[in-house]
file input.csv (CSV, C-alpha atoms)
chain,number,residue,atom,x,y,z
A,1,MET,CA,112.5,132.3,84.0
A,2,THR,CA,113.2,129.0,85.6
A,3,ILE,CA,114.4,128.9,89.1
A,4,GLN,CA,118.1,128.1,89.4
A,5,ILE,CA,120.2,127.5,92.6
A,6,THR,CA,123.9,128.1,92.6
A,7,PRO,CA,126.0,126.6,95.5
A,8,LEU,CA,127.7,129.2,97.8
A,9,HIS,CA,129.5,126.7,100.1
A,10,PRO,CA,131.0,123.3,99.6
A,11,LEU,CA,128.6,121.6,102.0
A,12,PHE,CA,125.4,123.7,102.0
A,13,VAL,CA,123.8,127.1,101.1
A,14,GLY,CA,122.5,128.0,97.6
A,15,GLU,CA,121.7,131.3,95.9
A,16,VAL,CA,118.4,131.3,94.2
A,17,SER,CA,117.7,133.2,90.9
A,18,GLY,CA,114.7,133.3,88.6
A,19,VAL,CA,112.1,134.2,91.2
A,20,ASP,CA,110.4,137.5,92.2
A,21,LEU,CA,109.1,137.4,95.7
A,22,THR,CA,106.8,140.4,95.2
A,23,ARG,CA,104.6,138.1,93.1
A,24,PRO,CA,102.7,135.0,94.2
A,25,LEU,CA,104.7,131.8,93.9
A,26,GLY,CA,103.4,129.0,91.5
A,27,PRO,CA,103.2,125.5,92.9
A,28,ASP,CA,106.1,124.2,90.7
A,29,ASP,CA,108.3,127.0,92.0
A,30,ALA,CA,107.3,126.4,95.6
A,31,ARG,CA,108.2,122.7,95.2
A,32,ALA,CA,111.5,123.6,93.6
A,33,ILE,CA,112.4,125.9,96.5
A,34,GLU,CA,111.3,123.4,99.2
A,35,ALA,CA,113.5,120.7,97.4
A,36,GLY,CA,116.3,123.2,97.4
A,37,MET,CA,115.8,123.7,101.2
A,38,ASP,CA,115.9,120.0,101.8
A,39,HIS,CA,119.3,119.8,99.9
A,40,TYR,CA,121.0,123.1,100.7
A,41,ALA,CA,119.4,123.9,104.1
A,42,VAL,CA,120.0,127.6,103.5
A,43,LEU,CA,118.9,129.6,100.5
A,44,VAL,CA,119.8,133.2,99.6
A,45,PHE,CA,117.5,135.4,97.6
A,46,ARG,CA,119.1,138.7,96.4
A,47,ARG,CA,117.4,142.1,95.7
A,48,GLN,CA,113.9,141.2,97.0
A,49,ASP,CA,112.3,144.5,97.9
A,50,ILE,CA,109.3,143.1,99.6
A,51,THR,CA,106.6,144.1,102.1
A,52,ASP,CA,105.8,142.3,105.3
A,53,GLU,CA,102.6,140.9,103.6
A,54,GLN,CA,104.6,139.6,100.6
A,55,GLN,CA,107.2,138.0,103.0
A,56,LEU,CA,104.4,136.3,104.9
A,57,ALA,CA,102.7,135.2,101.7
A,58,PHE,CA,106.0,133.6,100.5
A,59,ALA,CA,106.4,131.8,103.8
A,60,ARG,CA,102.9,130.3,103.7
A,61,ASN,CA,104.0,128.2,100.7
A,62,PHE,CA,105.9,126.1,103.1
A,63,GLY,CA,103.6,125.7,106.1
A,64,GLU,CA,101.6,127.6,108.7
A,65,ARG,CA,103.0,130.7,110.4
A,66,GLU,CA,104.4,130.1,113.8
A,67,ASP,CA,102.8,131.9,116.7
A,68,SER,CA,105.5,134.2,118.0
A,69,ARG,CA,104.1,134.5,121.5
A,70,GLY,CA,106.4,133.4,124.3
A,71,GLY,CA,109.7,134.2,122.5
A,72,SER,CA,110.5,137.6,124.0
A,73,VAL,CA,110.4,139.9,127.1
A,74,ALA,CA,109.0,142.7,124.9
A,75,LYS,CA,105.5,143.8,125.8
A,76,LYS,CA,102.7,143.6,123.2
A,77,GLU,CA,101.9,147.3,123.7
A,78,ASP,CA,105.5,148.2,122.8
A,79,ALA,CA,105.5,146.3,119.5
A,80,ARG,CA,106.8,148.2,116.5
A,81,LEU,CA,105.3,145.9,113.9
A,82,THR,CA,101.7,144.7,113.7
A,83,SER,CA,101.9,142.8,110.4
A,84,GLY,CA,102.6,139.4,111.8
A,85,VAL,CA,106.3,139.2,111.0
A,86,ASN,CA,108.8,138.8,113.8
A,87,ASP,CA,110.7,142.0,114.6
A,88,VAL,CA,114.4,141.1,115.0
A,89,SER,CA,115.6,144.7,114.6
A,90,ASN,CA,117.3,146.9,117.2
A,91,LEU,CA,114.5,149.4,116.9
A,92,GLY,CA,111.9,150.6,119.3
A,93,LYS,CA,108.3,151.6,118.7
A,94,ASP,CA,109.5,155.1,117.8
A,95,GLY,CA,111.7,153.7,115.0
A,96,LYS,CA,114.9,154.6,116.8
A,97,PRO,CA,117.6,152.2,118.1
A,98,LEU,CA,116.9,150.9,121.5
A,99,PRO,CA,119.0,152.3,124.4
A,100,LYS,CA,121.9,150.0,125.4
A,101,ASP,CA,120.4,149.4,128.8
A,102,ASP,CA,116.9,148.6,127.4
A,103,ARG,CA,115.7,145.2,128.7
A,104,THR,CA,114.5,144.1,125.2
A,105,HIS,CA,117.9,145.0,123.7
A,106,LEU,CA,119.8,143.1,126.4
A,107,PHE,CA,117.5,140.1,126.0
A,108,ASN,CA,117.9,140.2,122.2
A,109,LEU,CA,121.7,140.0,122.5
A,110,GLY,CA,121.1,136.3,123.0
A,111,ASN,CA,120.8,136.1,119.2
A,112,CYS,CA,124.6,136.5,119.1
A,113,LEU,CA,124.9,133.0,120.5
A,114,TRP,CA,124.6,129.9,118.3
A,115,HIS,CA,121.0,128.7,118.2
A,116,SER,CA,118.2,127.1,116.3
A,117,ASP,CA,115.0,129.2,116.2
A,118,SER,CA,112.3,128.1,118.6
A,119,SER,CA,114.1,125.1,120.0
A,120,PHE,CA,112.7,126.5,123.2
A,121,ARG,CA,109.2,125.6,122.1
A,122,PRO,CA,107.6,122.1,122.4
A,123,ILE,CA,107.2,122.1,118.6
A,124,PRO,CA,110.2,123.9,117.2
A,125,ALA,CA,110.3,125.9,114.0
A,126,LYS,CA,110.7,124.5,110.5
A,127,PHE,CA,111.9,127.4,108.3
A,128,SER,CA,112.9,130.9,109.1
A,129,LEU,CA,112.9,133.7,106.4
A,130,LEU,CA,114.8,136.8,107.3
A,131,SER,CA,114.5,140.0,105.2
A,132,ALA,CA,117.0,142.9,105.4
A,133,ARG,CA,115.1,146.2,105.3
A,134,VAL,CA,117.9,148.4,106.8
A,135,VAL,CA,121.5,147.1,106.9
A,136,ASN,CA,123.7,148.2,109.7
A,137,PRO,CA,126.9,149.8,108.5
A,138,LYS,CA,129.2,147.9,110.9
A,139,GLY,CA,129.0,144.2,111.6
A,140,GLY,CA,125.8,142.2,111.8
A,141,ASN,CA,126.8,139.3,109.6
A,142,THR,CA,124.8,136.1,110.1
A,143,GLU,CA,126.7,132.8,110.4
A,144,PHE,CA,125.1,129.4,109.6
A,145,ALA,CA,126.5,126.0,110.6
A,146,ASP,CA,125.6,122.8,108.7
A,147,MET,CA,124.5,120.4,111.5
A,148,ARG,CA,124.3,117.5,109.1
A,149,ALA,CA,128.0,117.7,108.2
A,150,ALA,CA,128.8,118.2,111.9
A,151,TYR,CA,126.9,114.9,112.8
A,152,ASP,CA,128.5,113.0,109.9
A,153,THR,CA,132.0,113.8,111.0
A,154,LEU,CA,131.6,112.7,114.6
A,155,ASP,CA,133.4,109.5,115.6
A,156,ASP,CA,131.3,106.4,115.9
A,157,GLU,CA,131.7,106.2,119.7
A,158,THR,CA,130.2,109.7,120.1
A,159,ARG,CA,127.4,109.1,117.7
A,160,ASP,CA,126.5,105.9,119.6
A,161,GLU,CA,126.7,107.8,122.9
A,162,ILE,CA,124.4,110.7,121.9
A,163,ALA,CA,121.9,108.7,119.7
A,164,ASP,CA,119.0,108.8,122.2
A,165,MET,CA,119.9,111.8,124.4
A,166,ILE,CA,117.2,114.2,125.3
A,167,CYS,CA,118.0,117.9,126.2
A,168,GLU,CA,116.1,120.6,128.0
A,169,HIS,CA,115.9,123.9,126.1
A,170,SER,CA,114.9,127.3,127.6
A,171,LEU,CA,115.4,130.9,126.7
A,172,MET,CA,116.5,131.4,130.3
A,173,THR,CA,119.5,129.2,129.5
A,174,SER,CA,120.8,131.2,126.5
A,175,ARG,CA,120.1,134.5,128.2
A,176,GLY,CA,121.6,133.4,131.5
A,177,ALA,CA,124.8,132.6,129.7
A,178,LEU,CA,125.0,136.4,129.0
A,179,GLY,CA,124.1,137.3,132.6
A,180,PHE,CA,120.5,138.1,131.9
A,181,LEU,CA,118.9,136.6,135.0
A,182,ASP,CA,116.0,138.9,136.0
A,183,TYR,CA,112.6,137.4,135.1
A,184,SER,CA,109.1,137.9,136.4
A,185,ASP,CA,107.1,134.9,137.6
A,186,GLU,CA,105.1,135.1,134.4
A,187,GLU,CA,108.2,135.0,132.3
A,188,LYS,CA,109.6,132.1,134.2
A,189,GLN,CA,106.5,130.1,133.5
A,190,MET,CA,106.5,131.2,129.8
A,191,PHE,CA,110.2,130.2,129.4
A,192,LYS,CA,110.0,126.9,131.3
A,193,PRO,CA,112.2,124.2,129.7
A,194,VAL,CA,111.0,121.9,126.9
A,195,LEU,CA,112.5,118.6,125.7
A,196,GLN,CA,114.3,118.1,122.4
A,197,ARG,CA,116.2,115.2,120.9
A,198,LEU,CA,119.9,115.9,120.5
A,199,VAL,CA,120.0,114.0,117.2
A,200,ARG,CA,117.3,114.7,114.6
A,201,GLN,CA,116.5,112.9,111.3
A,202,HIS,CA,115.2,114.8,108.3
A,203,PRO,CA,111.8,113.6,107.2
A,204,VAL,CA,112.6,113.8,103.5
A,205,HIS,CA,116.2,112.7,102.8
A,206,GLY,CA,116.8,110.9,106.2
A,207,ARG,CA,120.1,112.5,107.0
A,208,LYS,CA,120.8,112.9,110.7
A,209,SER,CA,121.7,116.3,112.3
A,210,LEU,CA,123.0,117.5,115.6
A,211,TYR,CA,120.2,119.5,117.2
A,212,LEU,CA,122.1,122.0,119.2
A,213,SER,CA,121.3,125.5,120.5
A,214,SER,CA,122.5,127.9,123.2
A,215,HIS,CA,119.0,127.3,124.7
A,216,ALA,CA,120.1,123.7,125.6
A,217,GLY,CA,121.2,123.6,129.2
A,218,SER,CA,120.9,120.0,130.4
A,219,ILE,CA,120.6,116.4,129.2
A,220,GLN,CA,118.3,113.9,130.9
A,221,GLY,CA,120.2,111.3,132.9
A,222,MET,CA,123.4,113.5,133.3
A,223,THR,CA,124.5,116.0,135.9
A,224,VAL,CA,124.3,119.6,134.6
A,225,PRO,CA,128.1,120.1,134.6
A,226,GLU,CA,128.6,116.8,132.7
A,227,ALA,CA,125.9,117.8,130.2
A,228,ARG,CA,127.2,121.3,129.6
A,229,VAL,CA,130.7,120.0,129.0
A,230,LEU,CA,129.4,117.6,126.4
A,231,LEU,CA,127.1,120.2,124.8
A,232,ARG,CA,130.1,122.7,124.7
A,233,ASP,CA,132.3,120.0,123.0
A,234,LEU,CA,129.6,119.3,120.4
A,235,ASN,CA,129.1,123.0,119.7
A,236,GLU,CA,132.8,123.6,119.3
A,237,HIS,CA,132.8,120.7,116.8
A,238,ALA,CA,129.8,121.8,114.9
A,239,THR,CA,130.9,125.4,114.4
A,240,GLN,CA,134.4,124.7,113.0
A,241,PRO,CA,135.1,127.0,110.0
A,242,GLN,CA,134.6,124.2,107.4
A,243,PHE,CA,131.0,123.8,108.5
A,244,VAL,CA,130.1,127.5,108.6
A,245,TYR,CA,128.8,130.0,106.0
A,246,VAL,CA,129.1,133.7,106.7
A,247,HIS,CA,126.4,135.9,105.1
A,248,LYS,CA,127.3,139.5,104.7
A,249,TRP,CA,123.9,141.3,104.3
A,250,SER,CA,123.0,143.6,101.4
A,251,LEU,CA,119.9,145.7,101.4
A,252,HIS,CA,116.8,143.6,100.5
A,253,ASP,CA,118.5,140.2,100.8
A,254,LEU,CA,116.2,137.5,102.0
A,255,VAL,CA,117.8,134.4,103.6
A,256,MET,CA,115.8,131.3,104.3
A,257,TRP,CA,117.0,128.4,106.5
A,258,ASP,CA,115.9,125.1,107.8
A,259,ASN,CA,116.1,125.1,111.6
A,260,ARG,CA,116.1,121.3,111.6
A,261,GLN,CA,119.4,121.1,109.8
A,262,THR,CA,121.3,124.3,110.8
A,263,MET,CA,122.3,126.5,113.6
A,264,HIS,CA,123.0,130.2,113.3
A,265,ARG,CA,124.0,133.4,115.1
A,266,VAL,CA,124.3,137.1,114.3
A,267,ARG,CA,127.6,138.9,114.9
A,268,ARG,CA,127.9,142.1,116.9
A,269,TYR,CA,127.1,145.3,115.2
A,270,ASP,CA,126.9,149.1,115.9
A,271,ALA,CA,123.8,149.2,118.1
A,272,SER,CA,123.6,153.0,117.9
A,273,GLN,CA,122.7,152.7,114.2
A,274,PRO,CA,119.5,151.1,112.9
A,275,ARG,CA,119.3,147.5,111.8
A,276,ASP,CA,115.9,146.5,110.5
A,277,MET,CA,115.5,142.8,110.0
A,278,ARG,CA,112.2,141.1,109.8
A,279,ARG,CA,111.6,137.3,110.1
A,280,ALA,CA,108.7,135.1,109.0
A,281,THR,CA,108.8,131.8,110.7
A,282,VAL,CA,107.2,128.6,109.4
A,283,ALA,CA,105.9,126.4,112.2
A,284,GLY,CA,107.1,122.8,112.7
A,285,ASP,CA,104.5,120.1,112.6
A,286,ALA,CA,105.5,117.8,115.5
A,287,PRO,CA,107.6,117.7,118.7
A,288,THR,CA,110.9,116.0,118.6
A,289,VAL,CA,110.0,114.1,121.8
A,290,GLN,CA,107.0,114.0,124.1
A,291,GLN,CA,106.9,116.8,126.6
A,292,GLN,CA,105.5,115.2,129.7
A,293,ALA,CA,108.8,115.2,131.6
A,294,ALA,CA,109.7,118.8,130.9
A,295,GLU,CA,108.1,120.3,133.9

call {"tool": "encode", "arguments": {"input": "input.csv", "output": "structure tokens"}}
result
Amino acid sequence: MTIQITPLHPLFVGEVSGVDLTRPLGPDDARAIEAGMDHYAVLVFRRQDITDEQQLAFARNFGEREDSRGGSVAKKEDARLTSGVNDVSNLGKDGKPLPKDDRTHLFNLGNCLWHSDSSFRPIPAKFSLLSARVVNPKGGNTEFADMRAAYDTLDDETRDEIADMICEHSLMTSRGALGFLDYSDEEKQMFKPVLQRLVRQHPVHGRKSLYLSSHAGSIQGMTVPEARVLLRDLNEHATQPQFVYVHKWSLHDLVMWDNRQTMHRVRRYDASQPRDMRRATVAGDAPTVQQQAAE
């Protein structure tokens, strides 16, 4: 069966049919899906009952797997999964929901803020692929914002103003916005700010995007209050309803998105009930800006 992509939103997001992710992907299908990602920025694959190994194998069609180290306060010895996928569930090593006062749970609440995966790394992520293994009965939708459309609808004066701006991104910024402020010296070093361009250009089709995230806390050459007012204004603009797609998860959905062209967030859900979501992340291939000034 030939791969088909059906639009789900006027601006972006497509639903893919004609592919079984439990089987190896042929080169023609891989190219069709990557072209779909370039165009739609978010692709939805329904009814894909896959293993971690199959999810990782699918992701490898689009680049190398990102090293997940440095993206959490969870300790390696407490890891629930050892397959190589990122655990973005609310579950502990015992398979039960984490207590509400658990440090990892509190840190992970930062995923409820608008962000782009791994913008806190010198080389940010390319694609993310999230598989729903257990769907929470209440809440937990994931929202995506089209950052290309957000950029296109800025006025000319604002586009000129931000064209060359460089932001500093850190996990301590996004978590600090929620009152998570307690870090060890090792974590402070691990989460030190990195530099990212505020405007990115896609390497294939050339469209420009706002590169925003709750991890962004300052802009070079501006005071922090000035920068945060501007960043807040841009975030409010970029997440207007006309730019946003809401994905209501069904069991075994896999959603794949381009972090260079979108921003996303999960909505609150019943944390006393399990939500098992597993992410494979495709590494980016270059920094958006040199990092020498990010100390």

call {"tool": "closest_residue", "arguments": {"input": "input.csv", "among": "A:Val246, A:Val199, A:Ala280, A:Val266", "to": "Asp160 in chain A", "atoms": "only C-alpha atoms"}}
result
A:Val199

call {"tool": "closest_residue", "arguments": {"input": "input.csv", "among": "A:Leu254, A:Leu171, A:Ile166, A:Ile123", "to": "Met277 in chain A", "atoms": "all atoms listed in the file"}}
result
A:Leu254

call {"tool": "closest_residue", "arguments": {"input": "input.csv", "among": "A:Met165, A:Val282, A:Leu130, A:Ala271", "to": "Leu91 in chain A", "atoms": "all atoms listed in the file"}}
result
A:Ala271

call {"tool": "closest_residue", "arguments": {"input": "input.csv", "among": "A:Ala286, A:Ala41, A:Ala238, A:Ala57", "to": "Ala150 in chain A", "atoms": "all atoms listed in the file"}}
result
A:Ala238

call {"tool": "closest_residue", "arguments": {"input": "input.csv", "among": "A:Arg133, A:Thr223, A:Val194, A:Arg278", "to": "Leu81 in chain A", "atoms": "all atoms listed in the file"}}
result
A:Arg278

call {"tool": "closest_residue", "arguments": {"input": "input.csv", "among": "A:Cys167, A:Ile50, A:Val13, A:Val85", "to": "Arg69 in chain A", "atoms": "only C-alpha atoms"}}
result
A:Val85

call {"tool": "atom_distance", "arguments": {"input": "input.csv", "atom1": "CA of Lys100 in chain A", "atom2": "CA of Leu178 in chain A"}}
result
14.4 Å

call {"tool": "build_atoms", "arguments": {"input": "input.csv", "residues": "range 158-191 of chain A", "atoms": "N, CA and C atoms", "output": "PDB file, in the frame of the given file"}}
result
ATOM      1  N   THR A 158     131.060 108.585 119.683  1.00  0.00           N
ATOM      2  CA  THR A 158     130.200 109.700 120.100  1.00  0.00           C
ATOM      3  C   THR A 158     128.830 109.619 119.510  1.00  0.00           C
ATOM      4  N   ARG A 159     128.713 109.212 118.246  1.00  0.00           N
ATOM      5  CA  ARG A 159     127.400 109.100 117.700  1.00  0.00           C
ATOM      6  C   ARG A 159     126.552 108.036 118.434  1.00  0.00           C
ATOM      7  N   ASP A 160     127.184 106.938 118.848  1.00  0.00           N
ATOM      8  CA  ASP A 160     126.500 105.900 119.600  1.00  0.00           C
ATOM      9  C   ASP A 160     126.070 106.502 121.007  1.00  0.00           C
ATOM     10  N   GLU A 161     126.957 107.288 121.603  1.00  0.00           N
ATOM     11  CA  GLU A 161     126.700 107.800 122.900  1.00  0.00           C
ATOM     12  C   GLU A 161     125.516 108.786 122.944  1.00  0.00           C
ATOM     13  N   ILE A 162     125.386 109.610 121.919  1.00  0.00           N
ATOM     14  CA  ILE A 162     124.400 110.700 121.900  1.00  0.00           C
ATOM     15  C   ILE A 162     123.081 110.279 121.207  1.00  0.00           C
ATOM     16  N   ALA A 163     123.030 109.088 120.637  1.00  0.00           N
ATOM     17  CA  ALA A 163     121.900 108.700 119.700  1.00  0.00           C
ATOM     18  C   ALA A 163     120.557 108.962 120.317  1.00  0.00           C
ATOM     19  N   ASP A 164     120.364 108.669 121.590  1.00  0.00           N
ATOM     20  CA  ASP A 164     119.000 108.800 122.200  1.00  0.00           C
ATOM     21  C   ASP A 164     118.945 109.837 123.283  1.00  0.00           C
ATOM     22  N   MET A 165     119.900 110.747 123.315  1.00  0.00           N
ATOM     23  CA  MET A 165     119.900 111.800 124.400  1.00  0.00           C
ATOM     24  C   MET A 165     118.790 112.782 124.174  1.00  0.00           C
ATOM     25  N   ILE A 166     118.221 113.230 125.297  1.00  0.00           N
ATOM     26  CA  ILE A 166     117.200 114.200 125.300  1.00  0.00           C
ATOM     27  C   ILE A 166     117.670 115.436 126.119  1.00  0.00           C
ATOM     28  N   CYS A 167     117.584 116.623 125.506  1.00  0.00           N
ATOM     29  CA  CYS A 167     118.000 117.900 126.200  1.00  0.00           C
ATOM     30  C   CYS A 167     116.859 118.703 126.605  1.00  0.00           C
ATOM     31  N   GLU A 168     117.107 119.567 127.586  1.00  0.00           N
ATOM     32  CA  GLU A 168     116.100 120.600 128.000  1.00  0.00           C
ATOM     33  C   GLU A 168     116.580 121.924 127.438  1.00  0.00           C
ATOM     34  N   HIS A 169     115.642 122.611 126.754  1.00  0.00           N
ATOM     35  CA  HIS A 169     115.900 123.900 126.100  1.00  0.00           C
ATOM     36  C   HIS A 169     115.058 124.974 126.779  1.00  0.00           C
ATOM     37  N   SER A 170     115.644 126.147 127.019  1.00  0.00           N
ATOM     38  CA  SER A 170     114.900 127.300 127.600  1.00  0.00           C
ATOM     39  C   SER A 170     115.609 128.574 127.161  1.00  0.00           C
ATOM     40  N   LEU A 171     114.818 129.607 126.897  1.00  0.00           N
ATOM     41  CA  LEU A 171     115.400 130.900 126.700  1.00  0.00           C
ATOM     42  C   LEU A 171     116.169 131.433 127.868  1.00  0.00           C
ATOM     43  N   MET A 172     115.811 130.981 129.066  1.00  0.00           N
ATOM     44  CA  MET A 172     116.500 131.400 130.300  1.00  0.00           C
ATOM     45  C   MET A 172     117.950 130.860 130.282  1.00  0.00           C
ATOM     46  N   THR A 173     118.189 129.737 129.599  1.00  0.00           N
ATOM     47  CA  THR A 173     119.500 129.200 129.500  1.00  0.00           C
ATOM     48  C   THR A 173     120.434 130.043 128.658  1.00  0.00           C
ATOM     49  N   SER A 174     119.975 130.361 127.437  1.00  0.00           N
ATOM     50  CA  SER A 174     120.800 131.200 126.500  1.00  0.00           C
ATOM     51  C   SER A 174     121.032 132.561 127.097  1.00  0.00           C
ATOM     52  N   ARG A 175     119.967 133.191 127.625  1.00  0.00           N
ATOM     53  CA  ARG A 175     120.100 134.500 128.200  1.00  0.00           C
ATOM     54  C   ARG A 175     120.922 134.524 129.465  1.00  0.00           C
ATOM     55  N   GLY A 176     120.784 133.470 130.241  1.00  0.00           N
ATOM     56  CA  GLY A 176     121.600 133.400 131.500  1.00  0.00           C
ATOM     57  C   GLY A 176     123.057 133.281 131.196  1.00  0.00           C
ATOM     58  N   ALA A 177     123.426 132.702 130.048  1.00  0.00           N
ATOM     59  CA  ALA A 177     124.800 132.600 129.700  1.00  0.00           C
ATOM     60  C   ALA A 177     125.448 134.015 129.496  1.00  0.00           C
ATOM     61  N   LEU A 178     124.586 135.028 129.216  1.00  0.00           N
ATOM     62  CA  LEU A 178     125.000 136.400 129.000  1.00  0.00           C
ATOM     63  C   LEU A 178     124.818 137.249 130.293  1.00  0.00           C
ATOM     64  N   GLY A 179     124.343 136.610 131.361  1.00  0.00           N
ATOM     65  CA  GLY A 179     124.100 137.300 132.600  1.00  0.00           C
ATOM     66  C   GLY A 179     122.748 137.958 132.731  1.00  0.00           C
ATOM     67  N   PHE A 180     121.836 137.615 131.820  1.00  0.00           N
ATOM     68  CA  PHE A 180     120.500 138.100 131.900  1.00  0.00           C
ATOM     69  C   PHE A 180     119.689 137.129 132.785  1.00  0.00           C
ATOM     70  N   LEU A 181     119.414 137.530 134.030  1.00  0.00           N
ATOM     71  CA  LEU A 181     118.900 136.600 135.000  1.00  0.00           C
ATOM     72  C   LEU A 181     117.598 137.080 135.682  1.00  0.00           C
ATOM     73  N   ASP A 182     117.140 138.262 135.347  1.00  0.00           N
ATOM     74  CA  ASP A 182     116.000 138.900 136.000  1.00  0.00           C
ATOM     75  C   ASP A 182     114.713 138.629 135.275  1.00  0.00           C
ATOM     76  N   TYR A 183     113.864 137.761 135.803  1.00  0.00           N
ATOM     77  CA  TYR A 183     112.600 137.400 135.100  1.00  0.00           C
ATOM     78  C   TYR A 183     111.451 137.536 136.127  1.00  0.00           C
ATOM     79  N   SER A 184     110.299 137.925 135.602  1.00  0.00           N
ATOM     80  CA  SER A 184     109.100 137.900 136.400  1.00  0.00           C
ATOM     81  C   SER A 184     108.597 136.467 136.534  1.00  0.00           C
ATOM     82  N   ASP A 185     107.690 136.225 137.463  1.00  0.00           N
ATOM     83  CA  ASP A 185     107.100 134.900 137.600  1.00  0.00           C
ATOM     84  C   ASP A 185     106.411 134.458 136.330  1.00  0.00           C
ATOM     85  N   GLU A 186     105.757 135.406 135.681  1.00  0.00           N
ATOM     86  CA  GLU A 186     105.100 135.100 134.400  1.00  0.00           C
ATOM     87  C   GLU A 186     106.051 134.671 133.341  1.00  0.00           C
ATOM     88  N   GLU A 187     107.188 135.355 133.266  1.00  0.00           N
ATOM     89  CA  GLU A 187     108.200 135.000 132.300  1.00  0.00           C
ATOM     90  C   GLU A 187     108.837 133.651 132.592  1.00  0.00           C
ATOM     91  N   LYS A 188     109.071 133.371 133.861  1.00  0.00           N
ATOM     92  CA  LYS A 188     109.600 132.100 134.200  1.00  0.00           C
ATOM     93  C   LYS A 188     108.707 130.933 133.793  1.00  0.00           C
ATOM     94  N   GLN A 189     107.405 131.141 133.932  1.00  0.00           N
ATOM     95  CA  GLN A 189     106.500 130.100 133.500  1.00  0.00           C
ATOM     96  C   GLN A 189     106.463 130.019 131.970  1.00  0.00           C
ATOM     97  N   MET A 190     106.535 131.154 131.284  1.00  0.00           N
ATOM     98  CA  MET A 190     106.500 131.200 129.800  1.00  0.00           C
ATOM     99  C   MET A 190     107.774 130.520 129.237  1.00  0.00           C
ATOM    100  N   PHE A 191     108.904 130.678 129.940  1.00  0.00           N
ATOM    101  CA  PHE A 191     110.200 130.200 129.400  1.00  0.00           C
ATOM    102  C   PHE A 191     110.572 128.828 130.060  1.00  0.00           C
TER     103      PHE A 191
END
